[in-house]
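**Q** Before I ask anything, let me first share the structure, which is written out below as C-alpha cells.
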Amino acid sequence: MTLESRLDDWSRGWRGPLFAALVALIAGLPGLLAMPPLDRDESRFAQATSQMLETGDYVVIKFQDQPRFKKPVGIHWLQAVTVKTFSDAEDRQIWAYRIPSLLGAMLAAAACAWGAAALLDPRTGLIAGSILGATFLLSSEAFIAKTDAALCGTTSLAMGALARIYAAQLKGESAGKLTKLAFWLGLSVAALIKGPVGLLTVFLALAALAIWDRKVRWMKDLGWTWGAILFAAIVLPWAMMITVATDGAFWGTAIGGDLAPKMAGGQEGHAGPFGYHALLSPLLSFPATLLLPAGLAVAWTRRKDPGVRFAVCWLVPTWLMFELLPTKLVHYALPAYGALAMLMAAAVREPLGRIVRWVGGGLSVLMGALLAAVAVYGQKEFGTVHDLGWTIVAALFAFAAGTAGAVLVARRHAVRGLFVAGALGIAAHIALTAGLIPRLEPLFLSRDLAQALDQARLSPRSGAPGPVAVTGYAEPSLIFQLGTTTQLTDGEGAAGAIAEGRPAIVEGREEKPFRAAMEQLGLDPRPVTTVEGLNYSDGDRERLTIYRGEPLAPAEDAAEPNEPAGEPQR
C-alpha cells in the first residue's frame, strides 16, 4: 500500500480533520508541559485570569491593581474553565492556562482540513490541516497562554465553514444548518477573544470572493438574521457589562490606547517594513517550507480552481492588512496561515516544476540549518555540558527535516518529502521546546527565583510571611509565580519588607539604596542566594539576590523602676 493510498484512507469523513488535530496535539503538547511561564504577554494573561478566579470578578480584567483594558475577555474565560477543571489558581501551574491555546491549534488544523476537503478533496484537506498543525508558528503558539492560537482556531473554524458553504453553492446546493452554525460560532467567539481581527479576516475574504466571482447572492445563504442574533447573544452581554463596570473606560483604552497606536506606528517598538511577514514565512511555516514556492505558484496558475480561488481570497487581503499595519509581531499573520496551508497542499496534487522544487528545497535546507544554529547558539550562550544531548538532537532533527524533505521533493516525491519533513520537523520542535530551551537556566530568572524561595521556605505558599517584595525586576512571570500580592517596590521598600519579616528580591542596580535603607533601620542584610541570567524581554543581564526577612523586635513595654528604657532589640 502506497503512502498516497494510506492518506486516502485516513482522510475519509472525519478522519482527515481528526488526523490534522492529532498532528497539532503532538507538536504542541510537549512544550505546553515543559516550558516555564513566559514573559511578557503569556504571564500577563495568566495572571489576569488567576485574579478572576481569586476575586470572582469575571468582567473586569486586571493585572494586580491595574486595569488591563487591551483585549476582550474571551481567552480569560476559556483559561478560567480549564484552570478550574484541571488545576487551581493557587497552584500557579502554567500548563492549565495553556490548554485553550492547544485546543485552539487543534481546532485550526481540523477546521482547515474540513474546509479544504470540500473545495479540493479529502486527501488534500488532510494534508492542508496537517501542514498548518505542524508549522513552527502554530505549534509554538499552541503552548503559550494568550489569544493567538485560540483566535486562529475560531477564525479557521469560520473560514472552514465558509469554504463548505461556498462549495455547496457552486454545486447549486444549500449548506447544512450545522455548517452555518459553525460559521457564526467561530466568528462570534473570535470577536470575544481578539475583537475585530477574526471579523476582518472573514469579511475581507467575503469581499474578495464577491469581487472575483462578481456574485453575492450566494452569501444570503449564510443565515444573516439568526446568525447576527447568535453573534449578539455571545458578544453583547460582556460588552454591556464591561461598559457599565468601567463607565466606558475599557473601550477608550482598548481602542485609543491599544488599537489606534498599532495603526499609527510601531507600538512599543514593534515596527517592521512592508514584507516583514513574507520574509519570516519560510521559517514560520517550517517544516512545510519546501512547498511554499509551489503553493504561491499554484495560487496563480490554478487561480480558476474554486479551492485555490477561495484560499487566495482568504490569504491575500488578510496578509496585506498585516503587512500594511505599522506594528508587526511574528504571530499577527497567523489567521492567514490556513489559506497558505491550503495552497501548499494543493500544489501536491500535480507535478511540481523544476524551479519551485529547487527554490523550495533550498529554502527548506536553509531554514533547517538556521534552526539547528539557534539550538547550538542557545546551548553555547546559556547552557551547560549537560544540555549538549538535547542540543545535538534538536539540531540534527531540524537539519534533517530541511534536508530530507528537500531531497525527496527534488526527486519528485512531494507527498513523501512533506511527510518525512513533517515528522522530523515536529521532532525538532519537541526537542527545542520541551528539551533544550527549558534547560537553559539563565533565560528563566523568574522560575529560578520562585524555586529558590520554595527551597528556602520563604515563599508565601510554604507558609512564610508575605508578600515578597521585589525591586529592580518587574517581569509578569515572577508575579504570576509568587502571587497577586507580590510587592513591586524600590530599595527602601524592600528594606521595609525585611524589617517586617518578609523576604525581598533585590536586583544589582538597586543594591546601594537597599543597603542604605537597611543601615538606617539598623539591620544587616541576610542574603539567601543569588540568581543571575538574561532578561530576554529587554536584553539586560540581571543579578538578583534573595534576602531573608529580619523583623524588628518591639521595644520593651516597661522598664525597670527608676531606670531608663533600654534600646529596642533587633
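Note on naming: chains are A, B, ... as they come in the C-alpha cells, residues start from 1 per chain, ligands start from 1 in the order shown.
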Among region 39-76 of chain A, which residues does DSSP mark as strand (DSSP E) when it is run on the backbone? Keep the chain and numbering as in the structure and answer as a list in words.
**A**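 Everything in region 39-76 of chain A that counts as strand (DSSP E) is Lys62, Phe63, Gln66 and Pro67 of chain A.
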**Q** So which residues touch Ala134 (chain A) within 8 Å, counting only C-alpha atoms, skipping near sequence neighbours fewer than 6 positions away, as a list in words?
**A**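 In the requested form, the answer reads Val23, Ala24, Ala27, Phe286, Pro287, Gly422, Gly425 and Ile426 of chain A.
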**Q** Run DSSP on the backbone of this structure and report the residues of region 13-82 of chain A it assigns to helix (DSSP H, G or I), as a ChimeraX atom specification.
**A** /A:15-34,41-55,74-82
**Q** With distances taken over only C-alpha atoms, which residue among A:Pro438, A:Gly501, A:Gly493, A:Pro525 lies nearest Met35 (chain A)?
**A**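 Among the listed residues, A:Pro438 lies closest to Met35 (chain A).
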**Q** Write out as a ChimeraX atom specification each polymer residue whose atoms come within 7 Å of Ala182 (chain A), counting only C-alpha atoms; drop sequence neighbours fewer than 4 positions from it.
**A** /A:157-158,161,178,186
**Q** For the residues in the current selection, export C-alpha atoms as a PDB file, in the first residue's frame.
**A**
ATOM      1  CA  LEU A 157     -13.495  27.363  12.008  1.00  0.00           C
ATOM      2  CA  ALA A 158     -15.423  30.262  10.476  1.00  0.00           C
ATOM      3  CA  ALA A 161     -17.408  26.562   7.357  1.00  0.00           C
ATOM      4  CA  LEU A 178     -24.629  22.845  11.416  1.00  0.00           C
ATOM      5  CA  GLY A 186     -16.370  30.752  15.035  1.00  0.00           C
TER       6      GLY A 186
END
**Q** What gap, in Å, lies between CA of Gly115 (chain A) and CA of Arg217 (chain A)?
**A**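 Distance between the two atoms: 20.6 Å.
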**Q** For region 70-77 of chain A, find every residue with an atom within 8 Å (counting only C-alpha atoms), except residues of its own chain fewer than 6 positions away, and show them as a list of chain:residue names.
**A**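 The residues that qualify are A:Phe45, A:Ala46, A:Ala48, A:Thr49, A:Tyr58, A:Val59, A:Ile61, A:Pro100, A:Lys146, A:Thr147, A:Ala150, A:Val189, A:Ala191, A:Leu192, A:Ile193, A:Lys194, A:Gly195, A:Trp238, A:Phe250, A:Thr253, A:Ala254, A:Ile255, A:Gly257, A:Asp258.
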**Q** Give me a file of those residues, with C-alpha atoms, as an mmCIF file, in the first residue's frame.
**A**
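The resulting file, result-v6.cif, is reproduced below:
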data_model
loop_
_atom_site.group_PDB
_atom_site.id
_atom_site.type_symbol
_atom_site.label_atom_id
_atom_site.label_comp_id
_atom_site.auth_asym_id
_atom_site.auth_seq_id
_atom_site.Cartn_x
_atom_site.Cartn_y
_atom_site.Cartn_z
ATOM 1 C CA PHE A 45 -2.836 36.869 30.519
ATOM 2 C CA ALA A 46 -2.380 34.041 33.026
ATOM 3 C CA ALA A 48 -5.237 38.313 34.936
ATOM 4 C CA THR A 49 -7.124 35.010 34.662
ATOM 5 C CA TYR A 58 -15.202 37.693 35.540
ATOM 6 C CA VAL A 59 -15.986 41.007 33.864
ATOM 7 C CA ILE A 61 -9.729 42.349 33.596
ATOM 8 C CA PRO A 100 -7.201 26.723 25.411
ATOM 9 C CA LYS A 146 -2.517 34.048 25.159
ATOM 10 C CA THR A 147 -5.025 34.834 22.435
ATOM 11 C CA ALA A 150 -7.361 30.348 20.106
ATOM 12 C CA VAL A 189 -16.019 33.563 19.729
ATOM 13 C CA ALA A 191 -14.663 38.516 18.339
ATOM 14 C CA LEU A 192 -14.842 37.752 22.063
ATOM 15 C CA ILE A 193 -11.187 36.656 22.011
ATOM 16 C CA LYS A 194 -9.494 39.392 19.996
ATOM 17 C CA GLY A 195 -12.034 41.908 18.829
ATOM 18 C CA TRP A 238 -19.979 41.055 28.330
ATOM 19 C CA PHE A 250 -12.486 49.838 28.701
ATOM 20 C CA THR A 253 -8.285 52.302 26.482
ATOM 21 C CA ALA A 254 -8.740 49.315 24.171
ATOM 22 C CA ILE A 255 -9.326 51.468 21.099
ATOM 23 C CA GLY A 257 -4.655 53.154 23.945
ATOM 24 C CA ASP A 258 -4.052 49.838 22.176
#
**Q** Using Å and a single decimal, report how far CA of Leu280 (chain A) sits from CA of Ala375 (chain A).
**A**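 Computing it gives 18.2 Å between the two atoms.
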**Q** Within 8 Å of region 303-307 of chain A, counting only C-alpha atoms, which residues qualify if same-chain residues fewer than 3 places away don't, as a PDB file with all heavy atoms, in the first residue's frame?
**A**
ATOM      1  N   ALA A 116     -10.919  22.607   3.473  1.00  0.00           N
ATOM      2  CA  ALA A 116     -10.192  22.297   2.240  1.00  0.00           C
ATOM      3  C   ALA A 116     -10.722  21.039   1.577  1.00  0.00           C
ATOM      4  O   ALA A 116     -10.717  20.926   0.340  1.00  0.00           O
ATOM      5  CB  ALA A 116      -8.703  22.144   2.547  1.00  0.00           C
ATOM      6  N   LEU A 119     -13.572  21.857  -0.932  1.00  0.00           N
ATOM      7  CA  LEU A 119     -13.245  22.588  -2.159  1.00  0.00           C
ATOM      8  C   LEU A 119     -12.166  21.905  -2.989  1.00  0.00           C
ATOM      9  O   LEU A 119     -12.106  22.122  -4.210  1.00  0.00           O
ATOM     10  CB  LEU A 119     -12.782  24.002  -1.804  1.00  0.00           C
ATOM     11  CG  LEU A 119     -13.884  24.989  -1.433  1.00  0.00           C
ATOM     12  CD1 LEU A 119     -13.289  26.277  -0.881  1.00  0.00           C
ATOM     13  CD2 LEU A 119     -14.770  25.290  -2.642  1.00  0.00           C
ATOM     14  N   LEU A 120     -11.331  21.116  -2.374  1.00  0.00           N
ATOM     15  CA  LEU A 120     -10.259  20.434  -3.106  1.00  0.00           C
ATOM     16  C   LEU A 120     -10.598  18.940  -3.134  1.00  0.00           C
ATOM     17  O   LEU A 120     -11.304  18.485  -4.013  1.00  0.00           O
ATOM     18  CB  LEU A 120      -8.914  20.731  -2.446  1.00  0.00           C
ATOM     19  CG  LEU A 120      -8.534  22.233  -2.451  1.00  0.00           C
ATOM     20  CD1 LEU A 120      -7.344  22.505  -1.533  1.00  0.00           C
ATOM     21  CD2 LEU A 120      -8.238  22.711  -3.856  1.00  0.00           C
ATOM     22  N   ALA A 167     -18.535  25.899  -1.375  1.00  0.00           N
ATOM     23  CA  ALA A 167     -18.521  24.697  -2.208  1.00  0.00           C
ATOM     24  C   ALA A 167     -19.939  24.230  -2.516  1.00  0.00           C
ATOM     25  O   ALA A 167     -20.237  23.796  -3.640  1.00  0.00           O
ATOM     26  CB  ALA A 167     -17.743  23.583  -1.509  1.00  0.00           C
ATOM     27  N   VAL A 298       0.987  27.888  -7.461  1.00  0.00           N
ATOM     28  CA  VAL A 298      -0.357  27.352  -7.677  1.00  0.00           C
ATOM     29  C   VAL A 298      -1.409  28.443  -7.520  1.00  0.00           C
ATOM     30  O   VAL A 298      -2.437  28.449  -8.218  1.00  0.00           O
ATOM     31  CB  VAL A 298      -0.613  26.178  -6.698  1.00  0.00           C
ATOM     32  CG1 VAL A 298      -2.106  25.898  -6.544  1.00  0.00           C
ATOM     33  CG2 VAL A 298       0.101  24.928  -7.179  1.00  0.00           C
ATOM     34  N   ALA A 299      -1.177  29.378  -6.613  1.00  0.00           N
ATOM     35  CA  ALA A 299      -2.129  30.479  -6.420  1.00  0.00           C
ATOM     36  C   ALA A 299      -2.362  31.242  -7.724  1.00  0.00           C
ATOM     37  O   ALA A 299      -3.458  31.794  -7.939  1.00  0.00           O
ATOM     38  CB  ALA A 299      -1.612  31.428  -5.345  1.00  0.00           C
ATOM     39  N   TRP A 300      -1.364  31.271  -8.592  1.00  0.00           N
ATOM     40  CA  TRP A 300      -1.520  31.968  -9.873  1.00  0.00           C
ATOM     41  C   TRP A 300      -1.940  31.014 -10.998  1.00  0.00           C
ATOM     42  O   TRP A 300      -2.884  31.306 -11.723  1.00  0.00           O
ATOM     43  CB  TRP A 300      -0.215  32.661 -10.254  1.00  0.00           C
ATOM     44  CG  TRP A 300      -0.249  33.293 -11.612  1.00  0.00           C
ATOM     45  CD1 TRP A 300       0.343  32.848 -12.753  1.00  0.00           C
ATOM     46  CD2 TRP A 300      -0.973  34.472 -11.981  1.00  0.00           C
ATOM     47  NE1 TRP A 300       0.054  33.667 -13.805  1.00  0.00           N
ATOM     48  CE2 TRP A 300      -0.755  34.684 -13.360  1.00  0.00           C
ATOM     49  CE3 TRP A 300      -1.776  35.370 -11.272  1.00  0.00           C
ATOM     50  CZ2 TRP A 300      -1.318  35.754 -14.035  1.00  0.00           C
ATOM     51  CZ3 TRP A 300      -2.339  36.439 -11.956  1.00  0.00           C
ATOM     52  CH2 TRP A 300      -2.106  36.621 -13.318  1.00  0.00           C
ATOM     53  N   PHE A 310     -10.594  30.370  -3.448  1.00  0.00           N
ATOM     54  CA  PHE A 310     -11.015  30.639  -2.070  1.00  0.00           C
ATOM     55  C   PHE A 310      -9.797  30.899  -1.180  1.00  0.00           C
ATOM     56  O   PHE A 310      -9.794  31.835  -0.376  1.00  0.00           O
ATOM     57  CB  PHE A 310     -11.817  29.453  -1.538  1.00  0.00           C
ATOM     58  CG  PHE A 310     -12.314  29.633  -0.130  1.00  0.00           C
ATOM     59  CD1 PHE A 310     -13.526  30.260   0.125  1.00  0.00           C
ATOM     60  CD2 PHE A 310     -11.558  29.197   0.954  1.00  0.00           C
ATOM     61  CE1 PHE A 310     -13.985  30.444   1.429  1.00  0.00           C
ATOM     62  CE2 PHE A 310     -12.001  29.375   2.255  1.00  0.00           C
ATOM     63  CZ  PHE A 310     -13.213  29.997   2.491  1.00  0.00           C
ATOM     64  N   ALA A 311      -8.767  30.062  -1.314  1.00  0.00           N
ATOM     65  CA  ALA A 311      -7.569  30.232  -0.489  1.00  0.00           C
ATOM     66  C   ALA A 311      -6.888  31.564  -0.754  1.00  0.00           C
ATOM     67  O   ALA A 311      -6.414  32.237   0.171  1.00  0.00           O
ATOM     68  CB  ALA A 311      -6.600  29.076  -0.739  1.00  0.00           C
ATOM     69  N   VAL A 312      -6.845  31.977  -2.020  1.00  0.00           N
ATOM     70  CA  VAL A 312      -6.232  33.262  -2.359  1.00  0.00           C
ATOM     71  C   VAL A 312      -7.032  34.413  -1.757  1.00  0.00           C
ATOM     72  O   VAL A 312      -6.454  35.374  -1.222  1.00  0.00           O
ATOM     73  CB  VAL A 312      -6.112  33.411  -3.885  1.00  0.00           C
ATOM     74  CG1 VAL A 312      -5.688  34.831  -4.265  1.00  0.00           C
ATOM     75  CG2 VAL A 312      -5.112  32.414  -4.454  1.00  0.00           C
TER      76      VAL A 312
END
**Q** As a list in words, please: the residues near Met321 (chain A) (cut-off 12 Å, only C-alpha atoms, same-chain neighbours under 6 positions excluded).
**A** Val197, Leu200, Thr201, Leu204, Ala205, Met263, Phe274, Gly275, His277, Trp314, Leu315, Thr327, Lys328, Tyr332, Ala333, Pro335 and Ala336 of chain A
**Q** Kindly give the distance, in Å, that separates CA of Glu42 (chain A) and CA of Glu141 (chain A), rounded to a single decimal.
**A** 10.2 Å
**Q** Skip Leu424 (chain A) itself and residues of its chain fewer than 6 positions away, then list as a count of residues only all residues within 9 Å of it, counting only C-alpha atoms.
**A** 8
**Q** Taking only C-alpha atoms into account, which of A:Met159, A:Ala421, A:Ala168, A:Leu7 comes nearest Gly125 (chain A)?
**A** A:Leu7
**Q** Which of these residues is nearest to Gly472 (chain A), using only C-alpha atoms: A:Thr55, A:Thr301, A:Thr246, A:Asn535?
**A**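 For Gly472 (chain A), the nearest of the candidates is A:Asn535.
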